[in-house]
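K.L.:
Below is the structure I would like to discuss, written out as structure tokens.
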Amino acid sequence: MMRALTAEQATGATALALGLTQQDGDMLKAALRRALFWLAPASAADIIRFVLAPLEALGVERDAVETALEEMLAYGDALEMHKLGSDPWDAPRVVLRPAPPTFVQRADGSIILLGVAGDQPTALTPELAARVAEHGPVRRLPVQGDPSLPAHLRLLGLAQLSEAAWLRTPGAIAAGEFVRQWAERLSALPREAAAIPDLQILDPARPVRFYNGRWRPADAKSTGIFLARRPHRFGADLWSIAEFRNGSCHRLLDLGDDSDRQRPCDLAWRIQAAFDALAGHPQQVDLRHAGDVGRLDFFSPLPSFAERRLALVGDKQLGPGRLFSYALPFVAAEQEIRALRDLLWMELFDGKDQA
């Protein structure tokens with residue numbers, strides 16, 4: 001017998017069908033894990049459309065699905081990879097695949113869960129699944145004094161990944177040296193003027209606290225090396241660095257995943273952080289605190305290695321006036337700010353006087 005459901009009842013039923021025991025924002029990630037299993041190898045656009053189509057009527061917006069998928073890529077539930085020879089002929093140049101069920105045991109003994117368990121919501125037994133706590137994009141499994149838990153997870157088919165391999169933190173380097181290395185790679189390309197349709201550059205002269213507003217088309221005054229993006233016929237927009245002279249693009253280097261398995265967007269965001277530092281207006285992080293809790297506010301995207309590091313000690317939050325924040329114990333804030341300075345050349349801005 002058919003019966004009418006309210007939007008709330010339909011959302012709850014959908015969450016249960018995806019294997020969730022409670023109704024919350026994690027429904028999107030559960031749906032994305034299932035979509036990755038069924039569609040991969042596929043483009044991000046295909047994955048998003050697959051998830052959004054049945055959920056849009058429940059009030060789910062495309063931006064929320066895109067954000068959830070980006071977090072899964074950043075933290076290791078999904079993998080962004082080049083197309084393989086065995087993939088279908090019409091697969092895009094860069095495809096998404098589900099990461100295998102994996103766990104990371106941290107130095108303090110706690111366990112982080114990653115990956116996709118096929119068509120099932122989890123590779124864990126019901127007893128273990130009930131213990132999982134989700135903190136934003138990170139799924140944690142409390143050890144609860146059980147030293148045999150890692151061995152038990154391996155018996156369940158989960159692969160173990162070291163904390164260092166999961167973090168994939170690159171070595172510290174001076175901003176000037178980092179830019180010099182990329183400028184040399186760009187200058188090694190032949191110099192030729194070319195019109196590139198719909199090319200957008202990130203204007204280093206625009207405020208670092210308004211990331212979206214920094215993007216613009218190149219104009220006749222554009223001279224120098226810029227971070228750039230351009231549409232790709234099949235798949236996501238391409239990340240590049242481009243050399244301009246009086247508005248004409250003479251060299252363009254597409255960014256690809258490197259030896260540290262940093263994604264093109266991760267490389268791009270670190271390159272721009274170095275550009276900004278050398279220009280004398282480094283990217284900023286605000287520190288606010290109330291009692292024992294601190295909050296780091298960010299205004300530019302962070303490479304995956306920085307997001308993963310912050311996720312170990314804090315919870316990601318969205319809010320007005322910033323791209324996102326991480327709430328963390330205030331005593332841990334100093335160490336994380338130091339890492340942001342060393343790896344991304346960021347500057348601490350005391351935002352106490354702001355609303």
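To be explicit about the labels: the chains of the structure tokens are called A, B, and onward in the order shown, and within each one the residues are counted from 1, while ligands get numbers from 1 in the order they are shown.
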If you count only C-alpha atoms, which residues fall within 12 Å of range 184-199 of chain A, apart from same-chain ones fewer than 6 positions away, as a PyMOL selection string?
P.N.:
chain A and resi 177-178+215-219+224-233+237-255
K.L.:
Store the residues picked out above, limited to N, CA, C and O atoms, as a tab-separated table (two decimals), in the first residue's frame.
P.N.:
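again-v2.tsv written:
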chain	number	residue	atom	x	y	z
A	177	GLU	N	61.88	29.66	-3.18
A	177	GLU	CA	62.43	28.47	-3.83
A	177	GLU	C	61.31	27.66	-4.48
A	177	GLU	O	61.49	27.11	-5.57
A	178	PHE	N	60.17	27.56	-3.80
A	178	PHE	CA	59.05	26.82	-4.36
A	178	PHE	C	58.57	27.45	-5.68
A	178	PHE	O	58.36	26.76	-6.68
A	215	TRP	N	39.34	35.72	-8.79
A	215	TRP	CA	39.38	35.15	-10.13
A	215	TRP	C	38.81	36.15	-11.13
A	215	TRP	O	37.78	36.77	-10.89
A	216	ARG	N	39.46	36.27	-12.28
A	216	ARG	CA	38.99	37.17	-13.34
A	216	ARG	C	39.59	36.73	-14.67
A	216	ARG	O	40.59	36.01	-14.72
A	217	PRO	N	39.01	37.19	-15.80
A	217	PRO	CA	39.65	36.94	-17.09
A	217	PRO	C	40.94	37.76	-17.20
A	217	PRO	O	41.06	38.82	-16.59
A	218	ALA	N	41.86	37.29	-17.99
A	218	ALA	CA	43.07	38.06	-18.26
A	218	ALA	C	42.70	39.31	-19.07
A	218	ALA	O	41.78	39.28	-19.89
A	219	ASP	N	43.44	40.41	-18.82
A	219	ASP	CA	43.21	41.62	-19.61
A	219	ASP	C	44.54	42.11	-20.16
A	219	ASP	O	45.59	41.48	-19.97
A	224	GLY	N	53.12	38.59	-16.25
A	224	GLY	CA	53.73	37.80	-15.19
A	224	GLY	C	53.21	36.37	-15.20
A	224	GLY	O	52.61	35.91	-16.18
A	225	ILE	N	53.44	35.65	-14.11
A	225	ILE	CA	53.01	34.27	-13.97
A	225	ILE	C	51.81	34.23	-13.02
A	225	ILE	O	51.87	34.79	-11.93
A	226	PHE	N	50.76	33.58	-13.46
A	226	PHE	CA	49.52	33.53	-12.70
A	226	PHE	C	49.04	32.09	-12.55
A	226	PHE	O	49.30	31.24	-13.41
A	227	LEU	N	48.32	31.85	-11.48
A	227	LEU	CA	47.54	30.63	-11.37
A	227	LEU	C	46.34	30.77	-12.30
A	227	LEU	O	45.72	31.84	-12.35
A	228	ALA	N	46.01	29.71	-13.04
A	228	ALA	CA	44.96	29.81	-14.05
A	228	ALA	C	44.08	28.56	-14.05
A	228	ALA	O	44.50	27.49	-13.61
A	229	ARG	N	42.86	28.74	-14.53
A	229	ARG	CA	41.93	27.64	-14.76
A	229	ARG	C	41.25	27.85	-16.10
A	229	ARG	O	40.98	28.98	-16.50
A	230	ARG	N	40.95	26.72	-16.74
A	230	ARG	CA	40.21	26.80	-17.99
A	230	ARG	C	39.33	25.58	-18.13
A	230	ARG	O	39.63	24.51	-17.60
A	231	PRO	N	38.20	25.74	-18.83
A	231	PRO	CA	37.28	24.61	-18.98
A	231	PRO	C	37.92	23.47	-19.77
A	231	PRO	O	38.78	23.68	-20.63
A	232	HIS	N	37.50	22.27	-19.43
A	232	HIS	CA	37.93	21.07	-20.14
A	232	HIS	C	36.69	20.41	-20.71
A	232	HIS	O	35.69	20.25	-20.01
A	233	ARG	N	36.76	20.05	-21.97
A	233	ARG	CA	35.56	19.55	-22.65
A	233	ARG	C	34.97	18.34	-21.94
A	233	ARG	O	33.76	18.20	-21.81
A	237	ASP	N	37.39	21.49	-14.75
A	237	ASP	CA	38.30	22.52	-15.26
A	237	ASP	C	39.74	22.15	-14.92
A	237	ASP	O	40.01	21.52	-13.90
A	238	LEU	N	40.64	22.56	-15.79
A	238	LEU	CA	42.06	22.25	-15.61
A	238	LEU	C	42.75	23.35	-14.81
A	238	LEU	O	42.48	24.54	-15.00
A	239	TRP	N	43.66	22.94	-13.92
A	239	TRP	CA	44.50	23.86	-13.16
A	239	TRP	C	45.83	24.02	-13.88
A	239	TRP	O	46.43	23.04	-14.33
A	240	SER	N	46.31	25.26	-13.96
A	240	SER	CA	47.54	25.54	-14.69
A	240	SER	C	48.27	26.71	-14.04
A	240	SER	O	47.70	27.43	-13.21
A	241	ILE	N	49.52	26.90	-14.44
A	241	ILE	CA	50.18	28.18	-14.24
A	241	ILE	C	50.50	28.71	-15.63
A	241	ILE	O	50.87	27.95	-16.53
A	242	ALA	N	50.32	30.00	-15.81
A	242	ALA	CA	50.43	30.59	-17.14
A	242	ALA	C	51.27	31.85	-17.08
A	242	ALA	O	51.19	32.63	-16.13
A	243	GLU	N	52.08	32.04	-18.12
A	243	GLU	CA	52.91	33.24	-18.25
A	243	GLU	C	52.27	34.18	-19.25
A	243	GLU	O	51.99	33.80	-20.40
A	244	PHE	N	52.03	35.43	-18.81
A	244	PHE	CA	51.40	36.43	-19.66
A	244	PHE	C	52.35	37.60	-19.89
A	244	PHE	O	53.18	37.93	-19.05
A	245	ARG	N	52.16	38.23	-21.04
A	245	ARG	CA	52.80	39.50	-21.32
A	245	ARG	C	51.79	40.39	-22.03
A	245	ARG	O	51.31	40.07	-23.11
A	246	ASN	N	51.44	41.48	-21.37
A	246	ASN	CA	50.46	42.43	-21.91
A	246	ASN	C	49.17	41.73	-22.35
A	246	ASN	O	48.61	42.00	-23.41
A	247	GLY	N	48.72	40.81	-21.50
A	247	GLY	CA	47.45	40.14	-21.74
A	247	GLY	C	47.50	38.94	-22.65
A	247	GLY	O	46.49	38.25	-22.85
A	248	SER	N	48.66	38.66	-23.23
A	248	SER	CA	48.81	37.51	-24.12
A	248	SER	C	49.50	36.37	-23.39
A	248	SER	O	50.55	36.57	-22.78
A	249	CYS	N	48.92	35.18	-23.45
A	249	CYS	CA	49.49	34.00	-22.80
A	249	CYS	C	50.56	33.39	-23.70
A	249	CYS	O	50.28	32.99	-24.83
A	250	HIS	N	51.79	33.34	-23.20
A	250	HIS	CA	52.91	32.81	-23.99
A	250	HIS	C	53.30	31.39	-23.59
A	250	HIS	O	53.84	30.65	-24.40
A	251	ARG	N	53.07	31.03	-22.36
A	251	ARG	CA	53.36	29.67	-21.91
A	251	ARG	C	52.27	29.25	-20.93
A	251	ARG	O	51.78	30.08	-20.16
A	252	LEU	N	51.95	27.96	-20.94
A	252	LEU	CA	50.96	27.43	-20.02
A	252	LEU	C	51.34	26.01	-19.64
A	252	LEU	O	51.62	25.17	-20.51
A	253	LEU	N	51.40	25.75	-18.32
A	253	LEU	CA	51.77	24.43	-17.80
A	253	LEU	C	50.60	23.88	-17.00
A	253	LEU	O	50.21	24.45	-15.97
A	254	ASP	N	50.01	22.78	-17.48
A	254	ASP	CA	48.95	22.13	-16.73
A	254	ASP	C	49.56	21.40	-15.54
A	254	ASP	O	50.60	20.75	-15.65
A	255	LEU	N	48.89	21.50	-14.40
A	255	LEU	CA	49.36	20.85	-13.18
A	255	LEU	C	48.82	19.44	-13.12
A	255	LEU	O	47.62	19.21	-13.34
K.L.:
Show me, as an NGL selection string, the residues that have an atom within 10 Å of range 60-64 of chain A when counting only C-alpha atoms, minus same-chain residues fewer than 6 positions from it.
P.N.:
:A and (11 or 25 or 28 or 48-49 or 51-54 or 70)
K.L.:
Please produce an output containing all heavy atoms for each residue in the selection, written as a PDB file, in the first residue's frame.
P.N.:
ATOM      1  N   THR A  11      13.346  11.774   3.985  1.00  0.00           N
ATOM      2  CA  THR A  11      14.786  11.880   4.248  1.00  0.00           C
ATOM      3  C   THR A  11      15.241  10.795   5.207  1.00  0.00           C
ATOM      4  O   THR A  11      16.289  10.170   5.015  1.00  0.00           O
ATOM      5  CB  THR A  11      15.117  13.272   4.818  1.00  0.00           C
ATOM      6  OG1 THR A  11      14.689  14.279   3.893  1.00  0.00           O
ATOM      7  CG2 THR A  11      16.611  13.417   5.062  1.00  0.00           C
ATOM      8  N   GLY A  25      23.824  15.061   8.068  1.00  0.00           N
ATOM      9  CA  GLY A  25      24.468  15.410   6.818  1.00  0.00           C
ATOM     10  C   GLY A  25      25.313  14.300   6.225  1.00  0.00           C
ATOM     11  O   GLY A  25      25.682  14.360   5.073  1.00  0.00           O
ATOM     12  N   LEU A  28      24.764  12.379   2.687  1.00  0.00           N
ATOM     13  CA  LEU A  28      25.351  12.711   1.396  1.00  0.00           C
ATOM     14  C   LEU A  28      26.588  11.868   1.125  1.00  0.00           C
ATOM     15  O   LEU A  28      26.774  11.362   0.018  1.00  0.00           O
ATOM     16  CB  LEU A  28      25.713  14.197   1.348  1.00  0.00           C
ATOM     17  CG  LEU A  28      24.550  15.182   1.282  1.00  0.00           C
ATOM     18  CD1 LEU A  28      25.072  16.599   1.158  1.00  0.00           C
ATOM     19  CD2 LEU A  28      23.632  14.850   0.130  1.00  0.00           C
ATOM     20  N   ILE A  48      28.143  13.529  -9.053  1.00  0.00           N
ATOM     21  CA  ILE A  48      27.283  14.531  -8.423  1.00  0.00           C
ATOM     22  C   ILE A  48      25.861  14.450  -8.976  1.00  0.00           C
ATOM     23  O   ILE A  48      24.883  14.494  -8.224  1.00  0.00           O
ATOM     24  CB  ILE A  48      27.884  15.936  -8.616  1.00  0.00           C
ATOM     25  CG1 ILE A  48      29.168  16.066  -7.783  1.00  0.00           C
ATOM     26  CG2 ILE A  48      26.884  17.027  -8.224  1.00  0.00           C
ATOM     27  CD1 ILE A  48      29.990  17.285  -8.121  1.00  0.00           C
ATOM     28  N   ARG A  49      25.732  14.327 -10.288  1.00  0.00           N
ATOM     29  CA  ARG A  49      24.381  14.228 -10.888  1.00  0.00           C
ATOM     30  C   ARG A  49      23.651  13.001 -10.392  1.00  0.00           C
ATOM     31  O   ARG A  49      22.448  13.037 -10.100  1.00  0.00           O
ATOM     32  CB  ARG A  49      24.493  14.194 -12.418  1.00  0.00           C
ATOM     33  CG  ARG A  49      24.688  15.548 -13.068  1.00  0.00           C
ATOM     34  CD  ARG A  49      24.426  15.486 -14.555  1.00  0.00           C
ATOM     35  NE  ARG A  49      25.369  14.598 -15.217  1.00  0.00           N
ATOM     36  CZ  ARG A  49      26.511  14.993 -15.751  1.00  0.00           C
ATOM     37  NH1 ARG A  49      26.849  16.274 -15.685  1.00  0.00           N
ATOM     38  NH2 ARG A  49      27.316  14.135 -16.357  1.00  0.00           N
ATOM     39  N   VAL A  51      23.903  11.434  -7.553  1.00  0.00           N
ATOM     40  CA  VAL A  51      23.460  11.601  -6.166  1.00  0.00           C
ATOM     41  C   VAL A  51      22.381  12.671  -6.053  1.00  0.00           C
ATOM     42  O   VAL A  51      21.403  12.524  -5.306  1.00  0.00           O
ATOM     43  CB  VAL A  51      24.663  11.941  -5.266  1.00  0.00           C
ATOM     44  CG1 VAL A  51      24.206  12.368  -3.874  1.00  0.00           C
ATOM     45  CG2 VAL A  51      25.599  10.743  -5.164  1.00  0.00           C
ATOM     46  N   LEU A  52      22.554  13.753  -6.798  1.00  0.00           N
ATOM     47  CA  LEU A  52      21.639  14.885  -6.658  1.00  0.00           C
ATOM     48  C   LEU A  52      20.248  14.587  -7.195  1.00  0.00           C
ATOM     49  O   LEU A  52      19.246  15.051  -6.616  1.00  0.00           O
ATOM     50  CB  LEU A  52      22.224  16.104  -7.375  1.00  0.00           C
ATOM     51  CG  LEU A  52      21.463  17.418  -7.206  1.00  0.00           C
ATOM     52  CD1 LEU A  52      21.415  17.830  -5.744  1.00  0.00           C
ATOM     53  CD2 LEU A  52      22.103  18.510  -8.048  1.00  0.00           C
ATOM     54  N   ALA A  53      20.146  13.809  -8.273  1.00  0.00           N
ATOM     55  CA  ALA A  53      18.848  13.592  -8.930  1.00  0.00           C
ATOM     56  C   ALA A  53      17.766  13.122  -7.958  1.00  0.00           C
ATOM     57  O   ALA A  53      16.673  13.707  -7.909  1.00  0.00           O
ATOM     58  CB  ALA A  53      19.009  12.633 -10.100  1.00  0.00           C
ATOM     59  N   PRO A  54      17.972  12.067  -7.148  1.00  0.00           N
ATOM     60  CA  PRO A  54      16.907  11.627  -6.249  1.00  0.00           C
ATOM     61  C   PRO A  54      16.784  12.448  -4.969  1.00  0.00           C
ATOM     62  O   PRO A  54      15.759  12.396  -4.290  1.00  0.00           O
ATOM     63  CB  PRO A  54      17.290  10.187  -5.923  1.00  0.00           C
ATOM     64  CG  PRO A  54      18.779  10.169  -6.024  1.00  0.00           C
ATOM     65  CD  PRO A  54      19.113  11.126  -7.124  1.00  0.00           C
ATOM     66  N   GLU A  70      34.161  16.827  -2.426  1.00  0.00           N
ATOM     67  CA  GLU A  70      35.495  17.411  -2.292  1.00  0.00           C
ATOM     68  C   GLU A  70      36.147  16.964  -0.988  1.00  0.00           C
ATOM     69  O   GLU A  70      37.345  16.661  -0.945  1.00  0.00           O
ATOM     70  CB  GLU A  70      35.403  18.935  -2.359  1.00  0.00           C
ATOM     71  CG  GLU A  70      36.724  19.657  -2.103  1.00  0.00           C
ATOM     72  CD  GLU A  70      37.828  19.266  -3.069  1.00  0.00           C
ATOM     73  OE1 GLU A  70      37.526  18.940  -4.235  1.00  0.00           O
ATOM     74  OE2 GLU A  70      39.016  19.280  -2.650  1.00  0.00           O
TER      75      GLU A  70
END
K.L.:
Measuring between only C-alpha atoms, which one of A:Glu71, A:Pro137, A:Leu128, A:Ala183 shows the shortest distance to His152 in chain A?
P.N.:
A:Leu128
K.L.:
Range 85-97 of chain A: which residues within 9 Å, counting only C-alpha atoms, same-chain residues fewer than 3 positions away excluded, as a PyMOL selection string?
P.N.:
chain A and resi 36-37+39-44+47+73+78-82+234-236
K.L.:
Among range 101-286 of chain A, which residues does DSSP mark as strand (DSSP E) when it is run on the backbone? Keep the chain and numbering as in the structure and answer as a PyMOL selection string.
P.N.:
chain A and resi 102-105+111-114+133-135+138-141+159-161+200-202+215-217+224-230+238-245+248-254+284-286
K.L.:
Considering only C-alpha atoms, can you say which of A:Asp286, A:Glu66, A:Asp292, A:Glu347 comes closest to Gly321 in chain A?
P.N.:
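Checking each candidate against Gly321 in chain A, we get A:Asp286 as the closest.
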K.L.:
Quick one: of A:Gly280, A:Gly109, A:Gly136, A:Gly256, who's nearest to Ala311 in chain A, counting only C-alpha atoms?
P.N.:
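With only C-alpha atoms as the atom set, the closest residue is A:Gly136.
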K.L.:
Go through A:Leu343, A:Val138, A:Leu348, A:Val208 and flag the residue nearest Leu323 in chain A, using only C-alpha atoms for the distances.
P.N.:
A:Val208
K.L.:
Using only C-alpha atoms, which of A:Gly314, A:Arg263, A:Ser300, A:Leu340 sits nearest Gly213 in chain A?
P.N.:
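Of the candidates, the smallest distance to Gly213 in chain A is held by A:Ser300.
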K.L.:
Would you mind telling me which residue in A:Val179, A:Ile337, A:Leu310, A:Val285 lies nearest to Ile271 in chain A when using only C-alpha atoms?
P.N.:
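Distance minimum relative to Ile271 in chain A lands on A:Val179.
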K.L.:
For Pro329 in chain A, work out the shell of residues within 12 Å, counting only C-alpha atoms and skipping chain neighbours fewer than 4 positions away, then give it as a ChimeraX atom specification.
P.N.:
/A:287-296,310-315,333-336
K.L.:
Find the nearest atom pair between each residue of range 133-239 of chain A and range 99-107 of chain A for residues within 9 Å, count only C-alpha atoms, give distances in Å to one decimal, sort rows by chain and ascending number, and present the table as JSON lines.
P.N.:
{"residue": "A:Pro150", "atom": "CA", "partner": "A:Gln105", "partner_atom": "CA", "distance": 7.7}
{"residue": "A:Leu153", "atom": "CA", "partner": "A:Phe103", "partner_atom": "CA", "distance": 8.0}
{"residue": "A:Arg154", "atom": "CA", "partner": "A:Phe103", "partner_atom": "CA", "distance": 8.9}
{"residue": "A:Gly157", "atom": "CA", "partner": "A:Pro101", "partner_atom": "CA", "distance": 7.4}
{"residue": "A:Leu158", "atom": "CA", "partner": "A:Thr102", "partner_atom": "CA", "distance": 4.8}
{"residue": "A:Ala159", "atom": "CA", "partner": "A:Thr102", "partner_atom": "CA", "distance": 4.6}
{"residue": "A:Gln160", "atom": "CA", "partner": "A:Phe103", "partner_atom": "CA", "distance": 5.1}
{"residue": "A:Leu161", "atom": "CA", "partner": "A:Val104", "partner_atom": "CA", "distance": 5.1}
{"residue": "A:Ser162", "atom": "CA", "partner": "A:Val104", "partner_atom": "CA", "distance": 5.8}
{"residue": "A:Glu163", "atom": "CA", "partner": "A:Arg106", "partner_atom": "CA", "distance": 5.7}
{"residue": "A:Trp166", "atom": "CA", "partner": "A:Val104", "partner_atom": "CA", "distance": 7.4}
K.L.:
Mind dumping the selected residues with all heavy atoms as an mmCIF file, in the first residue's frame?
P.N.:
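Saved file again_11.cif follows:
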data_model
loop_
_atom_site.group_PDB
_atom_site.id
_atom_site.type_symbol
_atom_site.label_atom_id
_atom_site.label_comp_id
_atom_site.auth_asym_id
_atom_site.auth_seq_id
_atom_site.Cartn_x
_atom_site.Cartn_y
_atom_site.Cartn_z
ATOM 1 N N PRO A 150 43.260 -3.350 15.640
ATOM 2 C CA PRO A 150 43.849 -3.286 14.296
ATOM 3 C C PRO A 150 43.911 -4.652 13.613
ATOM 4 O O PRO A 150 43.610 -4.763 12.416
ATOM 5 C CB PRO A 150 45.249 -2.725 14.556
ATOM 6 C CG PRO A 150 45.097 -1.936 15.808
ATOM 7 C CD PRO A 150 44.123 -2.704 16.644
ATOM 8 N N LEU A 153 40.479 -5.535 12.387
ATOM 9 C CA LEU A 153 40.125 -4.801 11.173
ATOM 10 C C LEU A 153 40.796 -5.411 9.942
ATOM 11 O O LEU A 153 40.186 -5.511 8.871
ATOM 12 C CB LEU A 153 40.521 -3.332 11.314
ATOM 13 C CG LEU A 153 39.764 -2.527 12.379
ATOM 14 C CD1 LEU A 153 40.308 -1.111 12.456
ATOM 15 C CD2 LEU A 153 38.268 -2.511 12.096
ATOM 16 N N ARG A 154 42.037 -5.839 10.098
ATOM 17 C CA ARG A 154 42.714 -6.482 8.970
ATOM 18 C C ARG A 154 42.023 -7.785 8.597
ATOM 19 O O ARG A 154 41.899 -8.121 7.408
ATOM 20 C CB ARG A 154 44.191 -6.711 9.298
ATOM 21 C CG ARG A 154 45.016 -5.406 9.352
ATOM 22 C CD ARG A 154 46.507 -5.692 9.392
ATOM 23 N NE ARG A 154 46.902 -6.336 10.651
ATOM 24 C CZ ARG A 154 47.300 -5.685 11.730
ATOM 25 N NH1 ARG A 154 47.347 -4.349 11.718
ATOM 26 N NH2 ARG A 154 47.663 -6.331 12.826
ATOM 27 N N GLY A 157 39.207 -7.408 6.308
ATOM 28 C CA GLY A 157 39.550 -7.040 4.938
ATOM 29 C C GLY A 157 39.986 -5.607 4.751
ATOM 30 O O GLY A 157 40.203 -5.169 3.612
ATOM 31 N N LEU A 158 40.123 -4.838 5.830
ATOM 32 C CA LEU A 158 40.576 -3.460 5.707
ATOM 33 C C LEU A 158 42.100 -3.424 5.614
ATOM 34 O O LEU A 158 42.794 -4.111 6.368
ATOM 35 C CB LEU A 158 40.119 -2.608 6.905
ATOM 36 C CG LEU A 158 38.666 -2.125 6.905
ATOM 37 C CD1 LEU A 158 37.714 -3.259 7.287
ATOM 38 C CD2 LEU A 158 38.496 -0.923 7.839
ATOM 39 N N ALA A 159 42.594 -2.635 4.684
ATOM 40 C CA ALA A 159 44.035 -2.438 4.570
ATOM 41 C C ALA A 159 44.474 -1.390 5.581
ATOM 42 O O ALA A 159 43.712 -0.482 5.913
ATOM 43 C CB ALA A 159 44.392 -1.992 3.161
ATOM 44 N N GLN A 160 45.697 -1.524 6.088
ATOM 45 C CA GLN A 160 46.213 -0.543 7.049
ATOM 46 C C GLN A 160 47.174 0.399 6.347
ATOM 47 O O GLN A 160 48.060 -0.017 5.598
ATOM 48 C CB GLN A 160 46.913 -1.216 8.224
ATOM 49 C CG GLN A 160 47.385 -0.235 9.284
ATOM 50 C CD GLN A 160 47.849 -0.917 10.563
ATOM 51 O OE1 GLN A 160 47.876 -2.138 10.650
ATOM 52 N NE2 GLN A 160 48.204 -0.115 11.561
ATOM 53 N N LEU A 161 46.977 1.697 6.583
ATOM 54 C CA LEU A 161 47.810 2.737 5.995
ATOM 55 C C LEU A 161 48.474 3.498 7.131
ATOM 56 O O LEU A 161 47.835 3.815 8.139
ATOM 57 C CB LEU A 161 46.933 3.686 5.166
ATOM 58 C CG LEU A 161 47.622 4.753 4.323
ATOM 59 C CD1 LEU A 161 48.411 4.104 3.189
ATOM 60 C CD2 LEU A 161 46.571 5.706 3.735
ATOM 61 N N SER A 162 49.760 3.783 6.993
ATOM 62 C CA SER A 162 50.451 4.521 8.049
ATOM 63 C C SER A 162 49.949 5.959 8.096
ATOM 64 O O SER A 162 49.459 6.501 7.100
ATOM 65 C CB SER A 162 51.958 4.511 7.821
ATOM 66 O OG SER A 162 52.304 5.321 6.709
ATOM 67 N N GLU A 163 50.082 6.564 9.270
ATOM 68 C CA GLU A 163 49.643 7.961 9.424
ATOM 69 C C GLU A 163 50.425 8.873 8.483
ATOM 70 O O GLU A 163 49.860 9.784 7.868
ATOM 71 C CB GLU A 163 49.825 8.404 10.873
ATOM 72 C CG GLU A 163 49.310 9.804 11.150
ATOM 73 C CD GLU A 163 49.396 10.170 12.623
ATOM 74 O OE1 GLU A 163 49.727 9.298 13.451
ATOM 75 O OE2 GLU A 163 49.130 11.345 12.945
ATOM 76 N N TRP A 166 49.113 8.580 4.973
ATOM 77 C CA TRP A 166 47.807 9.222 4.815
ATOM 78 C C TRP A 166 47.942 10.747 4.773
ATOM 79 O O TRP A 166 47.321 11.414 3.942
ATOM 80 C CB TRP A 166 46.881 8.816 5.952
ATOM 81 C CG TRP A 166 45.527 9.457 5.871
ATOM 82 C CD1 TRP A 166 44.587 9.286 4.889
ATOM 83 C CD2 TRP A 166 44.962 10.384 6.813
ATOM 84 N NE1 TRP A 166 43.470 10.053 5.159
ATOM 85 C CE2 TRP A 166 43.672 10.736 6.336
ATOM 86 C CE3 TRP A 166 45.418 10.936 8.002
ATOM 87 C CZ2 TRP A 166 42.839 11.620 7.017
ATOM 88 C CZ3 TRP A 166 44.588 11.815 8.685
ATOM 89 C CH2 TRP A 166 43.318 12.142 8.191
#
K.L.:
Taking the backbone alone, and naming residues the way the document does, which bits of range 102-337 of chain A are alpha helix (DSSP H) by DSSP, as a count of residues only?
P.N.:
60
